[in-house]
Number of protein chains: 2
Amino acid sequence: MKKLINETANVVKESLAGVGAAHADLVRIDFDSRLVIRADAPKKGKVGIISGGGSGHEPMHGGFVGMGMLDAACAGDVFTSPTPDQMEAATKAVNGGVGVLHIVKNYTGDILNFEMGAELCQAEGIEVVSVVIDDDVAVQDSLYTAGRRGVGTTVIAEKICGASAERGDDLQTVADWCRKVNANGRSMGMALTSCTVPAAGKPTFELGENEMEIGIGIHGEPGRTRMEMKSAKEIVTLMAEAIISDLPFSSGDQVIALVNGMGGTPLIELYLVYNELNQICEAKGMTIARRLVGNYITSLDMAGCSITLVKADAEMLSLWDAPVNTPGLRWGV
Amino acid sequence: MKKLINETANVVKESLAGVGAAHADLVRIDFDSRLVIRADAPKKGKVGIISGGGSGHEPMHGGFVGMGMLDAACAGDVFTSPTPDQMEAATKAVNGGVGVLHIVKNYTGDILNFEMGAELCQAEGIEVVSVVIDDDVAVQDSLYTAGRRGVGTTVIAEKICGASAERGDDLQTVADWCRKVNANGRSMGMALTSCTVPAAGKPTFELGENEMEIGIGIHGEPGRTRMEMKSAKEIVTLMAEAIISDLPFSSGDQVIALVNGMGGTPLIELYLVYNELNQICEAKGMTIARRLVGNYITSLDMAGCSITLVKADAEMLSLWDAPVNTPGLRWGV
């Protein structure tokens, strides 16, 4: 294992310290609870939004804390759920008195721990609504998950809900946006290589010289199938067909697209993937109205990509366009 | 070789098509000359700025085309200089009548071809000034370079010069900013793995299981030394000491820092590297006044990072803070 780290036990803490040092204008770090918190939280009268999960998916979630997106993110160990007391601390830190939304990716550990965290907060009088993201069409049930896994749609949901909260919507409205984004979002990933968890010191799985895995999870959970390498056009077609037929998306739809790198894939390839995706959408009469191309929800050093499409109406697009000021997404400011 | 591509001969073209499709509001693509051009170029009365070089370093340069940064970028084949007619076409496309700056990284092919491109333009009455970036402290002379290589300072120079041109500075002033950034910028890179050029189909070089190369070039050119893996703290110390002692930077300096991923290194590691760099700078009394942490000048899928520091005065910082709207850097808009 070759990584730019010190002690494996300190990777998350030291990386958070880097985030805090680099973005002190946007966020502060609570090292005891391993939280990235919006610098000006809590915002009185604004719905708070937290998310979190295992580390190793950066910039998600800590990189999306700031004006117009998350109020706090809980960082677990690499690929390990944060603990309920982290969710409790985050919720309290961002509670502006009008409730807090928990955006939870569908992994069993995250679900359980966010539930316990929410209960602790509710016992203290903080209103909490949790919305689960389960957008990965690859497989039903998985290594760490009952039902579908939560992946790229989470990023879109965090942006849309952040804008909703920022303009003053109440908790139910912000939560409704989260449900709506999830209901209209579908994703699928693929891997060219494994990732290597620092504490494990060796690849999570093995792929042959000329092999790839379609439908991979963001922790290396098995996907739909392993197959011989194909062209980008064939790979994107496989993924896009699975995504588009699932909602189903249809002609005339406007979508927000995310072409996401898994951490080890360079941008020259991601834009090539976007080009294929765009052609497929055009051929189906779908319009990619907004998009992100880059590393947004990664799997450490895995090479590969994922595609997310979210069907969007005009109001969702206007929430997308609203100003955001986070380490990982920034516009309008 | 496993990459998300189709035919190797089409990688650059298809990736440019993705950039054009994703960012049609910001840029247009000239496929004949393989240029990324600012959507509203030429801007009458504004100094034009172009750069370019081999592909494989994305988002540089095409990702930095847009308001407040470059007016056009010439994309060569992977790790291969663009041709003089590309520079000529780019210069003409962005010529607003008050001259064009060429920002050239110091590689022999780039130098020669930019020179010829500039001569072609000057023969047609377009005023061109070229400034060469040569900020890599790792080695004197290299595989493709006489003198020092041009690396991360290029990104900073493109931003500063873009802001200078945008506010209406004349060609000599914009060029002076480029010279000033280069004179005050120093960089060094390191690799954990090789990269693989698509057309070659195999790694450019080999590194052992527990080996790294300090001072690597962005095309895999040999650096200062190969050594056994060390901790991030030791690696960053090696690189930072080489950089800081070279200018030399000194106590009280404000700097713009770039912690750059080579393409295959995830953000969790880059922020950990930033944390180490920040501590070293603090210990020396230097202040990182602005920074970028992420993939900005990559080497295809190489794992590793580079560090750039640019000593900055108040005016340079205000040019840094000026609005920018490109696929790769965006703020203030």
# chains A, B, ... in the order shown; residues from 1 in each chain; ligands from 1
>>> select_by_dssp(residues="stretch 3-68 of chain A", states="alpha helix (DSSP H)", output="MDAnalysis selection string")
chainID A and resid 11:22
>>> closest_atom_pairs(of="chain B", to="chain A", cutoff="7 Å", atoms="only C-alpha atoms", output="tab-separated table")
residue	atom	partner	partner_atom	distance
B:Lys2	CA	A:Leu192	CA	6.5
B:Leu4	CA	A:Ala232	CA	4.9
B:Ile5	CA	A:Ala232	CA	4.8
B:Asn6	CA	A:Ser231	CA	4.8
B:Glu14	CA	A:Leu272	CA	5.4
B:Ser15	CA	A:Leu272	CA	4.2
B:Ala17	CA	A:Asn275	CA	6.1
B:Gly18	CA	A:Asn275	CA	4.1
B:Val19	CA	A:Tyr271	CA	6.0
B:Ala21	CA	A:Asn275	CA	6.9
B:Ala22	CA	A:Arg291	CA	6.9
B:Gly56	CA	A:Ile268	CA	6.5
B:Glu58	CA	A:Leu267	CA	5.9
B:Pro59	CA	A:Leu267	CA	6.8
B:Leu192	CA	A:Lys2	CA	6.5
B:Asn210	CA	A:Lys2	CA	6.8
B:Ser231	CA	A:Asn6	CA	4.8
B:Ala232	CA	A:Ile5	CA	4.8
B:Lys233	CA	A:Asn6	CA	6.7
B:Gly263	CA	A:Pro266	CA	4.9
B:Gly264	CA	A:Gly264	CA	3.9
B:Thr265	CA	A:Gly264	CA	6.0
B:Pro266	CA	A:Gly263	CA	4.9
B:Leu267	CA	A:Glu58	CA	5.9
B:Ile268	CA	A:Ser15	CA	5.8
B:Glu269	CA	A:Leu4	CA	5.5
B:Tyr271	CA	A:Gly18	CA	4.7
B:Leu272	CA	A:Ser15	CA	4.2
B:Tyr274	CA	A:Gly18	CA	5.4
B:Asn275	CA	A:Gly18	CA	4.1
B:Arg291	CA	A:Ala22	CA	6.8
B:Leu300	CA	A:Pro266	CA	5.7
B:Asp301	CA	A:Pro266	CA	5.6
B:Arg330	CA	A:Trp331	CA	6.4
B:Trp331	CA	A:Trp331	CA	5.6
B:Gly332	CA	A:Val333	CA	4.7
B:Val333	CA	A:Gly332	CA	4.7
>>> residues_around(residues="B:Leu35", least_positions_apart="2", cutoff="12 Å", atoms="only C-alpha atoms", output="ChimeraX atom specification")
/B:12-13,15-17,19-20,27-33,37-39,50-55,61-63,65,70-77,82-83,85-94
>>> select_by_dssp(residues="stretch 271-326 of chain A", states="strand (DSSP E)", output="list in words")
Thr287, Ile288, Ala289, Arg290, Arg291, Leu292, Val293, Gly294, Gly304, Cys305, Ser306, Ile307, Thr308, Leu309, Val310, Lys311, Val324 and Asn325 of chain A
>>> closest_residue(among="B:Val47, B:Leu207, B:Asn106, B:Ala163", to="B:Val129", atoms="only C-alpha atoms")
B:Val47
>>> closest_residue(among="A:Lys105, A:Arg179, A:His219, A:Arg34", to="A:Phe79", atoms="only C-alpha atoms")
A:His219
>>> atom_distance(atom1="atom CA of A:Gly168", atom2="atom CA of A:Ile49")
12.6 Å
>>> decode(residues="stretch 255-268 of chain A", atoms="all heavy atoms", output="compact mmCIF listing (two decimals), in the first residue's frame")
# COMPACT_ATOMS: atom_id res chain seq x y z
N VAL A 255 -32.77 16.82 -16.89
CA VAL A 255 -32.09 16.13 -15.79
C VAL A 255 -30.86 16.91 -15.32
O VAL A 255 -30.27 17.69 -16.07
CB VAL A 255 -31.63 14.71 -16.20
CG1 VAL A 255 -32.84 13.83 -16.56
CG2 VAL A 255 -30.63 14.74 -17.34
N ILE A 256 -30.55 16.69 -14.06
CA ILE A 256 -29.24 17.08 -13.52
C ILE A 256 -28.39 15.82 -13.59
O ILE A 256 -28.81 14.75 -13.11
CB ILE A 256 -29.35 17.56 -12.07
CG1 ILE A 256 -30.30 18.77 -11.97
CG2 ILE A 256 -27.97 17.91 -11.52
CD1 ILE A 256 -30.63 19.18 -10.53
N ALA A 257 -27.20 15.91 -14.20
CA ALA A 257 -26.34 14.74 -14.35
C ALA A 257 -25.07 14.91 -13.51
O ALA A 257 -24.53 16.00 -13.40
CB ALA A 257 -25.95 14.55 -15.81
N LEU A 258 -24.65 13.80 -12.95
CA LEU A 258 -23.35 13.77 -12.27
C LEU A 258 -22.53 12.66 -12.90
O LEU A 258 -22.93 11.50 -12.90
CB LEU A 258 -23.56 13.48 -10.77
CG LEU A 258 -22.34 13.10 -9.94
CD1 LEU A 258 -21.30 14.21 -9.92
CD2 LEU A 258 -22.75 12.76 -8.50
N VAL A 259 -21.41 13.05 -13.50
CA VAL A 259 -20.41 12.05 -13.93
C VAL A 259 -19.30 12.12 -12.91
O VAL A 259 -18.56 13.11 -12.84
CB VAL A 259 -19.90 12.31 -15.35
CG1 VAL A 259 -18.70 11.44 -15.67
CG2 VAL A 259 -21.01 12.04 -16.37
N ASN A 260 -19.21 11.09 -12.12
CA ASN A 260 -18.41 11.12 -10.91
C ASN A 260 -17.22 10.18 -11.00
O ASN A 260 -17.36 9.01 -11.36
CB ASN A 260 -19.31 10.68 -9.74
CG ASN A 260 -18.54 10.51 -8.45
OD1 ASN A 260 -18.00 11.48 -7.94
ND2 ASN A 260 -18.47 9.29 -7.96
N GLY A 261 -16.06 10.68 -10.65
CA GLY A 261 -14.87 9.83 -10.59
C GLY A 261 -14.77 9.17 -9.23
O GLY A 261 -15.09 9.76 -8.20
N MET A 262 -14.28 7.95 -9.22
CA MET A 262 -14.20 7.17 -7.98
C MET A 262 -12.96 7.51 -7.14
O MET A 262 -12.78 6.97 -6.06
CB MET A 262 -14.20 5.68 -8.30
CG MET A 262 -15.53 5.16 -8.84
SD MET A 262 -16.87 5.33 -7.63
CE MET A 262 -18.03 4.10 -8.25
N GLY A 263 -12.11 8.38 -7.65
CA GLY A 263 -10.94 8.81 -6.88
C GLY A 263 -9.64 8.62 -7.65
O GLY A 263 -8.72 9.41 -7.53
N GLY A 264 -9.58 7.57 -8.46
CA GLY A 264 -8.35 7.26 -9.18
C GLY A 264 -8.45 7.45 -10.68
O GLY A 264 -7.54 7.06 -11.41
N THR A 265 -9.55 8.04 -11.13
CA THR A 265 -9.75 8.22 -12.58
C THR A 265 -9.60 9.69 -12.95
O THR A 265 -10.23 10.55 -12.34
CB THR A 265 -11.13 7.68 -12.99
OG1 THR A 265 -11.09 6.26 -12.97
CG2 THR A 265 -11.52 8.12 -14.40
N PRO A 266 -8.76 9.97 -13.93
CA PRO A 266 -8.49 11.37 -14.27
C PRO A 266 -9.63 12.02 -15.04
O PRO A 266 -10.45 11.35 -15.66
CB PRO A 266 -7.22 11.30 -15.12
CG PRO A 266 -7.20 9.93 -15.67
CD PRO A 266 -7.91 9.04 -14.69
N LEU A 267 -9.61 13.34 -15.00
CA LEU A 267 -10.67 14.16 -15.59
C LEU A 267 -10.77 13.97 -17.10
O LEU A 267 -11.87 14.06 -17.66
CB LEU A 267 -10.39 15.63 -15.26
CG LEU A 267 -11.55 16.60 -15.25
CD1 LEU A 267 -12.67 16.14 -14.34
CD2 LEU A 267 -11.07 17.98 -14.82
N ILE A 268 -9.66 13.69 -17.78
CA ILE A 268 -9.73 13.52 -19.24
C ILE A 268 -10.69 12.38 -19.58
O ILE A 268 -11.43 12.44 -20.55
CB ILE A 268 -8.32 13.29 -19.85
CG1 ILE A 268 -8.36 13.38 -21.38
CG2 ILE A 268 -7.70 12.00 -19.39
CD1 ILE A 268 -6.97 13.39 -22.03
